[in-house]
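So this block is data-v7.csv, CSV, C-alpha atoms and all ligand atoms:
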```
chain,number,residue,atom,x,y,z
A,1,MET,CA,43.7,93.4,23.7
A,2,GLN,CA,43.6,92.2,20.1
A,3,GLU,CA,41.9,94.6,17.7
A,4,LYS,CA,39.2,92.8,15.7
A,5,ILE,CA,39.1,93.4,11.9
A,6,ILE,CA,36.3,92.3,9.6
A,7,VAL,CA,37.6,91.1,6.2
A,8,THR,CA,34.8,90.7,3.6
A,9,GLY,CA,35.8,88.4,0.8
A,10,GLY,CA,38.5,87.0,3.1
A,11,CYS,CA,38.3,83.6,1.5
A,12,GLY,CA,39.3,85.0,-1.9
A,13,TYR,CA,42.7,85.5,-3.5
A,14,ILE,CA,43.9,88.8,-2.1
A,15,GLY,CA,41.6,88.5,0.9
A,16,SER,CA,43.1,85.2,2.2
A,17,HIS,CA,46.7,86.5,1.9
A,18,THR,CA,45.7,89.6,3.8
A,19,VAL,CA,44.1,87.6,6.5
A,20,ILE,CA,47.3,85.7,7.0
A,21,THR,CA,49.3,89.0,7.3
A,22,LEU,CA,46.8,90.4,9.8
A,23,ILE,CA,46.8,87.2,12.0
A,24,ASN,CA,50.7,87.2,11.9
A,25,HIS,CA,50.5,90.8,13.2
A,26,ASN,CA,48.3,89.8,16.1
A,27,TYR,CA,44.9,91.1,14.8
A,28,GLU,CA,41.8,89.1,15.4
A,29,VAL,CA,40.1,88.5,12.1
A,30,VAL,CA,36.5,87.7,11.2
A,31,ILE,CA,35.8,86.8,7.6
A,32,PHE,CA,32.5,87.6,5.9
A,33,ASP,CA,32.2,85.7,2.6
A,34,ASP,CA,29.4,84.3,0.5
A,35,LEU,CA,31.7,81.6,-0.9
A,36,SER,CA,30.5,82.4,-4.4
A,37,ASN,CA,34.0,82.3,-5.8
A,38,SER,CA,35.9,80.7,-2.9
A,39,ASN,CA,36.0,77.7,-0.7
A,40,LEU,CA,35.8,77.0,3.1
A,41,LYS,CA,39.0,74.8,2.9
A,42,ILE,CA,40.9,78.1,2.9
A,43,LEU,CA,40.2,78.4,6.6
A,44,ASP,CA,42.2,75.2,7.4
A,45,ARG,CA,45.0,76.4,5.2
A,46,ILE,CA,45.1,79.7,7.0
A,47,GLN,CA,45.2,77.7,10.3
A,48,LYS,CA,48.0,75.6,8.9
A,49,ILE,CA,50.1,78.6,8.1
A,50,THR,CA,49.3,80.9,11.1
A,51,GLY,CA,48.2,78.4,13.8
A,52,ILE,CA,44.9,80.3,14.0
A,53,LYS,CA,41.6,79.6,12.3
A,54,PRO,CA,39.8,82.9,11.7
A,55,HIS,CA,36.2,83.3,12.6
A,56,PHE,CA,33.9,82.9,9.7
A,57,GLU,CA,30.4,84.1,8.7
A,58,GLN,CA,28.8,83.1,5.5
A,59,VAL,CA,26.8,86.1,4.4
A,60,ASP,CA,25.4,87.7,1.3
A,61,LEU,CA,26.3,91.3,1.6
A,62,LYS,CA,23.9,92.2,-1.2
A,63,SER,CA,21.2,91.7,1.3
A,64,SER,CA,20.8,94.7,3.6
A,65,GLU,CA,19.1,92.6,6.3
A,66,ALA,CA,21.8,89.9,6.4
A,67,THR,CA,24.5,92.6,6.4
A,68,HIS,CA,22.9,94.5,9.2
A,69,ALA,CA,22.5,91.3,11.3
A,70,VAL,CA,26.1,90.1,10.8
A,71,PHE,CA,27.6,93.5,11.5
A,72,LYS,CA,25.6,93.8,14.7
A,73,THR,CA,27.1,90.5,15.9
A,74,HIS,CA,30.6,91.9,15.3
A,75,LYS,CA,30.0,95.5,16.3
A,76,ASP,CA,33.1,95.4,18.5
A,77,SER,CA,35.3,95.4,15.3
A,78,LYS,CA,37.6,98.3,14.7
A,79,ALA,CA,37.7,98.3,10.9
A,80,VAL,CA,36.5,96.6,7.7
A,81,ILE,CA,38.7,95.6,4.8
A,82,HIS,CA,36.2,95.2,2.0
A,83,PHE,CA,37.4,92.7,-0.7
A,84,ALA,CA,34.1,91.0,-1.4
A,85,ALA,CA,33.3,91.6,-5.1
A,86,HIS,CA,33.0,89.9,-8.5
A,87,LYS,CA,36.1,90.5,-10.6
A,88,ALA,CA,35.8,88.7,-14.0
A,89,VAL,CA,36.0,91.4,-16.7
A,90,ALA,CA,34.5,89.3,-19.5
A,91,GLU,CA,31.6,88.1,-17.3
A,92,SER,CA,30.8,91.6,-16.3
A,93,ILE,CA,30.4,92.6,-20.0
A,94,HIS,CA,27.8,89.8,-20.4
A,95,ASN,CA,26.1,90.4,-17.1
A,96,PRO,CA,26.5,94.0,-16.1
A,97,LEU,CA,23.5,94.1,-13.7
A,98,MET,CA,24.9,91.2,-11.7
A,99,TYR,CA,28.1,93.3,-11.3
A,100,TYR,CA,26.5,96.5,-10.4
A,101,GLN,CA,24.1,94.8,-8.0
A,102,ASN,CA,26.8,92.7,-6.3
A,103,ASN,CA,29.7,95.1,-6.1
A,104,LEU,CA,27.8,98.3,-5.3
A,105,PHE,CA,25.0,96.9,-3.1
A,106,SER,CA,27.6,95.1,-1.0
A,107,LEU,CA,29.6,98.3,-0.6
A,108,ILE,CA,26.6,100.4,0.3
A,109,ASN,CA,25.3,97.8,2.8
A,110,THR,CA,28.7,97.5,4.4
A,111,LEU,CA,29.1,101.3,4.8
A,112,LYS,CA,25.6,101.6,6.2
A,113,ALA,CA,26.2,98.8,8.7
A,114,GLN,CA,29.5,100.4,9.7
A,115,GLN,CA,27.7,103.6,10.4
A,116,ASP,CA,25.0,101.9,12.4
A,117,ASN,CA,27.5,100.0,14.5
A,118,SER,CA,30.2,102.8,14.8
A,119,ILE,CA,32.9,100.8,13.0
A,120,LYS,CA,34.9,103.8,11.9
A,121,HIS,CA,37.5,102.6,9.4
A,122,HIS,CA,37.2,101.1,5.9
A,123,ILE,CA,39.7,99.9,3.4
A,124,PHE,CA,38.4,99.5,-0.1
A,125,SER,CA,39.8,97.2,-2.8
A,126,SER,CA,40.0,99.4,-5.9
A,127,SER,CA,41.8,98.9,-9.1
A,128,ALA,CA,44.1,100.7,-11.5
A,129,THR,CA,41.3,100.1,-14.0
A,130,VAL,CA,39.8,103.4,-12.7
A,131,TYR,CA,42.5,105.3,-14.7
A,132,GLY,CA,41.1,104.0,-18.0
A,133,ASN,CA,43.7,104.7,-20.7
A,134,PRO,CA,46.0,107.2,-18.8
A,135,SER,CA,48.0,109.7,-20.7
A,136,GLN,CA,51.1,109.8,-18.4
A,137,MET,CA,53.4,107.2,-17.0
A,138,PRO,CA,54.0,106.4,-14.3
A,139,ILE,CA,50.4,106.9,-13.1
A,140,THR,CA,50.0,109.2,-10.1
A,141,GLU,CA,46.9,109.1,-7.9
A,142,ASP,CA,45.8,112.5,-9.1
A,143,ALA,CA,45.5,111.3,-12.7
A,144,PRO,CA,41.8,111.6,-13.7
A,145,THR,CA,39.6,108.6,-13.4
A,146,GLN,CA,37.8,107.5,-16.6
A,147,ARG,CA,34.9,105.5,-17.6
A,148,SER,CA,36.0,101.9,-18.0
A,149,PHE,CA,35.5,99.6,-21.0
A,150,SER,CA,34.0,97.0,-18.6
A,151,PRO,CA,31.1,97.1,-16.1
A,152,TYR,CA,33.6,95.5,-13.6
A,153,GLY,CA,35.9,98.6,-14.0
A,154,ASN,CA,32.9,100.9,-13.7
A,155,THR,CA,31.8,99.3,-10.4
A,156,LYS,CA,35.3,100.2,-9.0
A,157,LYS,CA,35.0,103.8,-10.4
A,158,MET,CA,31.5,104.2,-9.0
A,159,ALA,CA,32.5,102.7,-5.7
A,160,GLU,CA,35.2,105.3,-5.4
A,161,GLU,CA,32.7,108.1,-6.1
A,162,ILE,CA,30.3,106.6,-3.5
A,163,LEU,CA,33.2,106.7,-1.0
A,164,GLU,CA,34.0,110.3,-1.9
A,165,ASP,CA,30.4,111.4,-1.4
A,166,PHE,CA,30.1,109.4,1.8
A,167,THR,CA,33.3,110.7,3.4
A,168,ASN,CA,32.4,114.3,2.3
A,169,SER,CA,29.2,114.0,4.3
A,170,GLN,CA,31.2,114.0,7.6
A,171,SER,CA,30.3,110.4,8.0
A,172,ASP,CA,32.7,109.9,10.9
A,173,ILE,CA,34.2,107.0,9.0
A,174,SER,CA,37.7,107.2,7.5
A,175,VAL,CA,38.5,105.4,4.3
A,176,ILE,CA,41.5,104.3,2.3
A,177,SER,CA,41.0,103.1,-1.2
A,178,LEU,CA,43.8,101.0,-2.6
A,179,ARG,CA,44.2,100.8,-6.4
A,180,TYR,CA,45.7,97.5,-7.3
A,181,PHE,CA,47.8,97.1,-10.4
A,182,ASN,CA,48.2,93.5,-11.5
A,183,PRO,CA,48.4,91.1,-8.6
A,184,ILE,CA,50.0,87.7,-9.2
A,185,GLY,CA,51.9,85.2,-7.2
A,186,ALA,CA,51.0,83.1,-4.2
A,187,HIS,CA,51.9,82.5,-0.5
A,188,GLU,CA,55.4,81.1,0.0
A,189,SER,CA,53.9,78.0,1.8
A,190,GLY,CA,52.4,76.9,-1.5
A,191,GLN,CA,49.1,76.4,0.5
A,192,ILE,CA,47.3,79.5,-0.7
A,193,GLY,CA,46.9,81.1,-4.1
A,194,GLU,CA,44.3,82.0,-6.7
A,195,PHE,CA,41.7,79.3,-7.1
A,196,PRO,CA,40.6,79.2,-10.7
A,197,THR,CA,36.9,78.6,-11.2
A,198,ALA,CA,36.4,79.2,-14.9
A,199,ILE,CA,39.0,79.7,-17.7
A,200,PRO,CA,41.1,82.6,-16.5
A,201,ASN,CA,40.9,86.1,-18.0
A,202,ASN,CA,44.2,87.1,-16.5
A,203,LEU,CA,47.6,86.6,-18.0
A,204,MET,CA,49.5,84.8,-15.2
A,205,PRO,CA,47.0,82.0,-14.4
A,206,TYR,CA,46.6,81.5,-18.1
A,207,ILE,CA,50.3,81.1,-18.5
A,208,THR,CA,50.6,78.6,-15.6
A,209,GLN,CA,47.6,76.6,-16.7
A,210,THR,CA,49.0,76.4,-20.2
A,211,ALA,CA,52.3,75.2,-18.9
A,212,ALA,CA,50.6,72.6,-16.7
A,213,GLY,CA,48.7,71.3,-19.7
A,214,VAL,CA,45.3,72.3,-18.5
A,215,LEU,CA,44.9,74.8,-21.4
A,216,GLU,CA,46.4,74.2,-24.8
A,217,LYS,CA,47.8,77.5,-25.8
A,218,LEU,CA,48.2,81.0,-24.5
A,219,MET,CA,46.8,83.6,-27.0
A,220,VAL,CA,48.8,86.8,-26.9
A,221,PHE,CA,46.3,89.6,-27.5
A,222,GLY,CA,48.1,91.8,-30.0
A,223,ASN,CA,51.7,92.7,-30.8
A,224,ASP,CA,51.1,96.0,-32.6
A,225,TYR,CA,50.9,98.3,-29.5
A,226,PRO,CA,53.3,101.3,-29.3
A,227,THR,CA,55.5,99.5,-26.8
A,228,LYS,CA,59.1,98.2,-26.9
A,229,ASP,CA,58.1,94.7,-28.3
A,230,GLY,CA,54.5,95.6,-29.4
A,231,THR,CA,52.8,93.8,-26.5
A,232,PRO,CA,51.1,95.6,-23.6
A,233,ILE,CA,53.0,96.6,-20.5
A,234,ARG,CA,51.6,96.1,-17.0
A,235,ASP,CA,52.8,96.5,-13.4
A,236,TYR,CA,52.7,93.0,-11.8
A,237,ILE,CA,52.8,92.9,-8.1
A,238,HIS,CA,53.2,90.0,-5.6
A,239,VAL,CA,50.0,89.3,-3.7
A,240,VAL,CA,51.9,89.1,-0.4
A,241,ASP,CA,53.3,92.6,-1.0
A,242,LEU,CA,49.7,93.7,-1.6
A,243,ALA,CA,48.6,92.0,1.7
A,244,GLU,CA,51.3,93.9,3.5
A,245,ALA,CA,50.1,97.2,2.0
A,246,HIS,CA,46.7,96.5,3.6
A,247,LEU,CA,48.3,96.1,7.0
A,248,LYS,CA,50.0,99.5,6.5
A,249,ALA,CA,46.8,101.1,5.5
A,250,LEU,CA,45.0,99.6,8.5
A,251,GLN,CA,47.8,100.9,10.8
A,252,ARG,CA,47.3,104.4,9.3
A,253,LEU,CA,43.6,104.3,9.7
A,254,LEU,CA,43.8,103.2,13.4
A,255,GLY,CA,46.6,105.7,14.1
A,256,PRO,CA,46.5,109.5,14.8
A,257,LYS,CA,47.1,110.5,11.2
A,258,SER,CA,43.9,109.0,9.8
A,259,GLN,CA,42.2,111.2,7.1
A,260,PRO,CA,38.6,111.0,5.9
A,261,LEU,CA,39.6,109.6,2.5
A,262,GLU,CA,42.9,108.7,1.0
A,263,VAL,CA,43.7,106.9,-2.2
A,264,PHE,CA,46.9,104.9,-3.0
A,265,ASN,CA,48.3,103.0,-5.9
A,266,LEU,CA,49.7,99.6,-5.2
A,267,GLY,CA,52.2,98.6,-7.8
A,268,THR,CA,55.9,98.1,-8.0
A,269,GLY,CA,56.5,100.9,-10.5
A,270,ASN,CA,58.0,98.5,-13.0
A,271,GLY,CA,56.4,97.6,-16.3
A,272,TYR,CA,56.7,94.3,-18.1
A,273,SER,CA,55.4,93.4,-21.5
A,274,VAL,CA,53.4,90.2,-22.2
A,275,LEU,CA,56.4,88.8,-24.1
A,276,GLU,CA,58.7,89.6,-21.2
A,277,MET,CA,56.4,87.8,-18.9
A,278,ILE,CA,56.4,84.7,-21.1
A,279,LYS,CA,60.2,84.8,-21.3
A,280,ALA,CA,60.5,85.2,-17.5
A,281,PHE,CA,58.1,82.3,-17.0
A,282,GLU,CA,60.1,80.1,-19.3
A,283,ALA,CA,63.2,80.9,-17.4
A,284,VAL,CA,61.6,80.0,-14.1
A,285,SER,CA,59.9,76.9,-15.2
A,286,GLY,CA,62.7,75.7,-17.5
A,287,SER,CA,60.3,74.8,-20.3
A,288,LEU,CA,58.9,76.6,-23.4
A,289,LEU,CA,55.4,77.9,-23.4
A,290,ASN,CA,53.0,77.2,-26.2
A,291,TYR,CA,51.7,80.6,-27.3
A,292,GLU,CA,50.5,82.4,-30.4
A,293,ILE,CA,50.0,86.1,-31.3
A,294,THR,CA,46.4,86.9,-32.1
A,295,ASP,CA,44.2,90.0,-32.3
A,296,ARG,CA,44.0,92.7,-29.7
A,297,ARG,CA,41.5,92.2,-26.9
A,298,PRO,CA,38.9,95.0,-26.9
A,299,GLY,CA,39.4,97.4,-24.0
A,300,ASP,CA,43.1,96.7,-23.4
A,301,VAL,CA,45.4,99.7,-23.1
A,302,PRO,CA,49.0,99.8,-24.2
A,303,GLU,CA,50.7,100.6,-20.9
A,304,MET,CA,50.0,100.9,-17.2
A,305,PHE,CA,52.5,101.2,-14.4
A,306,ALA,CA,52.2,102.9,-11.1
A,307,SER,CA,53.9,105.8,-9.4
A,308,THR,CA,54.7,104.3,-6.0
A,309,ALA,CA,55.8,107.5,-4.4
A,310,LEU,CA,52.7,108.3,-2.4
A,311,ALA,CA,52.3,104.9,-0.8
A,312,LYS,CA,56.0,105.0,0.1
A,313,GLN,CA,55.8,108.4,1.6
A,314,VAL,CA,52.5,108.1,3.5
A,315,LEU,CA,52.1,104.4,4.2
A,316,ASN,CA,55.8,103.7,4.5
A,317,TRP,CA,55.2,100.8,2.1
A,318,GLU,CA,56.8,99.6,-1.0
A,319,ALA,CA,56.8,96.2,-2.8
A,320,SER,CA,59.8,94.1,-2.0
A,321,ARG,CA,59.3,90.9,-4.0
A,322,SER,CA,60.9,90.4,-7.4
A,323,LEU,CA,59.3,89.3,-10.6
A,324,HIS,CA,61.1,86.0,-10.2
A,325,ASP,CA,59.4,85.5,-6.7
A,326,MET,CA,56.1,86.3,-8.3
A,327,ILE,CA,56.4,83.9,-11.1
A,328,GLN,CA,58.0,81.1,-9.1
A,329,SER,CA,55.3,81.2,-6.4
A,330,SER,CA,52.6,81.3,-9.1
A,331,TRP,CA,54.1,78.2,-10.7
A,332,THR,CA,54.6,76.3,-7.5
A,333,TRP,CA,51.0,77.0,-6.6
A,334,GLU,CA,49.8,75.8,-10.0
A,335,GLN,CA,51.8,72.6,-9.6
A,336,ASN,CA,50.4,72.0,-6.1
A,337,LEU,CA,46.9,72.4,-7.5
A,338,ARG,CA,47.6,69.9,-10.2
A,339,LYS,CA,49.0,67.5,-7.7
A,340,GLY,CA,45.6,67.6,-6.2
A,341,LEU,CA,46.2,69.9,-3.2
A,342,LYS,CA,43.2,69.4,-1.0
A,401,LIG,N1,46.8,88.8,-22.0
A,401,LIG,C1,47.1,88.0,-23.1
A,401,LIG,N2,46.5,86.8,-23.1
A,401,LIG,C2,45.7,86.3,-22.1
A,401,LIG,C3,45.4,87.2,-21.0
A,401,LIG,C4,46.0,88.4,-21.0
A,401,LIG,O1,47.8,88.4,-24.0
A,401,LIG,O2,45.2,85.2,-22.2
A,401,LIG,C5,47.5,90.2,-21.9
A,401,LIG,C6,46.5,91.3,-22.0
A,401,LIG,O3,46.2,91.7,-23.3
A,401,LIG,C7,47.2,92.4,-21.2
A,401,LIG,C8,48.1,91.6,-20.2
A,401,LIG,O4,48.1,90.3,-20.7
A,401,LIG,O5,48.0,93.1,-22.0
A,401,LIG,C9,47.5,91.6,-18.8
A,401,LIG,O6,46.2,91.1,-18.9
A,401,LIG,P1,45.3,90.8,-17.6
A,401,LIG,O7,43.9,90.4,-18.0
A,401,LIG,O8,46.1,89.9,-16.7
A,401,LIG,O9,45.3,92.2,-16.8
A,401,LIG,P2,44.7,93.6,-17.2
A,401,LIG,O10,44.2,93.6,-18.6
A,401,LIG,O11,43.5,93.8,-16.3
A,401,LIG,O12,45.8,94.6,-17.0
```
If you convert what's in this file into structure tokens, what do you get?
Amino acid sequence: MQEKIIVTGGCGYIGSHTVITLINHNYEVVIFDDLSNSNLKILDRIQKITGIKPHFEQVDLKSSEATHAVFKTHKDSKAVIHFAAHKAVAESIHNPLMYYQNNLFSLINTLKAQQDNSIKHHIFSSSATVYGNPSQMPITEDAPTQRSFSPYGNTKKMAEEILEDFTNSQSDISVISLRYFNPIGAHESGQIGEFPTAIPNNLMPYITQTAAGVLEKLMVFGNDYPTKDGTPIRDYIHVVDLAEAHLKALQRLLGPKSQPLEVFNLGTGNGYSVLEMIKAFEAVSGSLLNYEITDRRPGDVPEMFASTALAKQVLNWEASRSLHDMIQSSWTWEQNLRKGLK
């Protein structure tokens, strides 16, 4: 019998890659998504890649009634992987209430519905942003969490606090929270990737859109940081590696060693500066990128890279894809989008 897994936000960037990994490992997947930042076409792409079209429910998880109803229909599920959230840092600064309302209500409604329907396992999409400006590298999971510069980051920190209180209450639900570093890249098929809705905030889609001529120039936000070349260092990780980490987390939750609450970093452990990323992109694409150094972006920290030891030891997972793979797949995806991938 196939085990059924609910994937909220399963039409989104990391969600859709995870759905593919789950289907390829013989799980039955049902996606809950409000399509606020995604597109139903993704279901056909998933079918093209895996041979299976996942079940889909369009639902607004901010609504407790709607959440209750949809979970009741799928109460035979074994676990929830909760990706559904808004993620644009700049937008969250302009519209904090929208972020708190969406990201926190949807989590609370999901946990409540899991409790009501005895769906006992939950994987939460967290972020390395919960570490704020950490004092030690690499960052281990026991580093203190800090208030974030952005409401988006604070929703992730608060969500983790909610999960801690919830699991401390002997809720009978076990949780793994996964703190993502900087996900980039796309599926090797070239059929699935990050769908840009507005002008991107993040470095990689900004680079590929500049190279594709959609944007004029990449602005490099500061070169006076205390790093090797003055630009900030981040731990970029391939989205398919991330997807595979969710599979491992699910297997742990469904297995005998499941704990009430565990937290893992998902990164490669390698840090690259913005200038190194530009150079690496130029090498992959074979053309020069139009960029200019400008002022620092408020809230950016000089350096972030993960300690990967805990995920390796406990989940038996580590990232295997190279920076070249990450950049090549991002670039292929961008070119496919520009060719009018439908
Ligand atoms: N960055 C940049 N120009 C951009 C977007 C990002 O120089 O248009 C830099 C940013 O300052 C940071 C790095 O790229 O040092 C990664 O930024 P991103 O927003 O992708 O991730 P995060 O800040 O969340 O780590």
Distance in Å - CA of Tyr152 in chain A versus CA of Ala90 in chain A: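 About the pair CA of Tyr152 in chain A and CA of Ala90 in chain A: they are 8.6 Å apart.
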Any idea what's packed within 8 Å of range 157-171 of chain A, counting only C-alpha atoms, ignoring anything in its chain fewer than 6 positions away? Could you give it as a PDB file with C-alpha atoms, in the frame of the given file?
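part25.pdb, freshly written:
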```pdb
ATOM      1  CA  LEU A 104      27.800  98.300  -5.300  1.00  0.00           C
ATOM      2  CA  LEU A 107      29.600  98.300  -0.600  1.00  0.00           C
ATOM      3  CA  GLN A 115      27.700 103.600  10.400  1.00  0.00           C
ATOM      4  CA  SER A 126      40.000  99.400  -5.900  1.00  0.00           C
ATOM      5  CA  VAL A 130      39.800 103.400 -12.700  1.00  0.00           C
ATOM      6  CA  THR A 145      39.600 108.600 -13.400  1.00  0.00           C
ATOM      7  CA  GLN A 146      37.800 107.500 -16.600  1.00  0.00           C
ATOM      8  CA  ARG A 147      34.900 105.500 -17.600  1.00  0.00           C
ATOM      9  CA  SER A 148      36.000 101.900 -18.000  1.00  0.00           C
ATOM     10  CA  SER A 177      41.000 103.100  -1.200  1.00  0.00           C
ATOM     11  CA  PRO A 260      38.600 111.000   5.900  1.00  0.00           C
ATOM     12  CA  LEU A 261      39.600 109.600   2.500  1.00  0.00           C
TER      13      LEU A 261
END
```
Do you know which residues are within 7 Å of ligand LIG 401 (chain A) using only C-alpha atoms and all ligand atoms? Can you write them as JSON, numbers by chain? {"A": [182, 201, 202, 203, 204, 206, 218, 219, 220, 221, 222, 231, 232, 233, 234, 274, 296, 297, 300]}
Name the closest residue to Asp241 in chain A among the candidates A:Pro183, A:Pro200, A:Pro205, A:Pro226; distances are taken between atoms, counting only C-alpha atoms.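 Nearest candidate to Asp241 in chain A out of A:Pro183, A:Pro200, A:Pro205, A:Pro226: A:Pro183.
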For Asp116 in chain A, find every residue with an atom within 10 Å (counting only C-alpha atoms), except residues of its own chain fewer than 5 positions away, and show them as a PyMOL selection string. chain A and resi 68+71-72+75+110-111
For the residues selected in the previous step, produce a file with C-alpha atoms as a PDB file, keeping the file's coordinate frame.
```pdb
ATOM      1  CA  HIS A  68      22.900  94.500   9.200  1.00  0.00           C
ATOM      2  CA  PHE A  71      27.600  93.500  11.500  1.00  0.00           C
ATOM      3  CA  LYS A  72      25.600  93.800  14.700  1.00  0.00           C
ATOM      4  CA  LYS A  75      30.000  95.500  16.300  1.00  0.00           C
ATOM      5  CA  THR A 110      28.700  97.500   4.400  1.00  0.00           C
ATOM      6  CA  LEU A 111      29.100 101.300   4.800  1.00  0.00           C
TER       7      LEU A 111
END
```
Using Å and a single decimal, report how far CA of Leu35 in chain A sits from CA of Lys339 in chain A. 23.3 Å
Between CA of Ile173 in chain A and CA of His17 in chain A, what is the spacing in Å?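 Separating CA of His17 in chain A from CA of Ile173 in chain A is a distance of 25.0 Å.
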What's around Gly230 in chain A at 9 Å? Count only C-alpha atoms, leave out sequence neighbours fewer than 3 positions away in its own chain, and write the answer as JSON, numbers by chain. {"A": [222, 223, 224, 225, 226, 227, 273, 275, 302]}
Using only C-alpha atoms, pick whichever of A:Cys11, A:Val70, A:Met326, A:Leu253 has the shortest atom-to-atom distance to Leu40 in chain A. A:Cys11
Which one of A:His246, A:Lys48, A:His121, A:Lys112 sits closest to Thr67 in chain A if you count all atoms listed in the file? A:Lys112
Step by step, gather every atom of range 67-83 of chain A that the file lists, find the box along x, y and z that holds them, add 5 Å on each side, and finally give centre and edge lengths in Å to one decimal, as AutoDock Vina command-line options.
```
--center_x 30.6 --center_y 94.2 --center_z 8.9 --size_x 26.2 --size_y 18.2 --size_z 29.2
```
Proximity to Asp235 in chain A - best of A:Phe195, A:Phe281, A:Phe181, A:Trp333, all atoms listed in the file: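 The answer is A:Phe181, which sits nearest to Asp235 in chain A.
Counting all atoms listed in the file and comparing A:Ala319, A:Val175, A:Leu288, A:Leu22, the residue that lies closest to His238 in chain A is A:Ala319.
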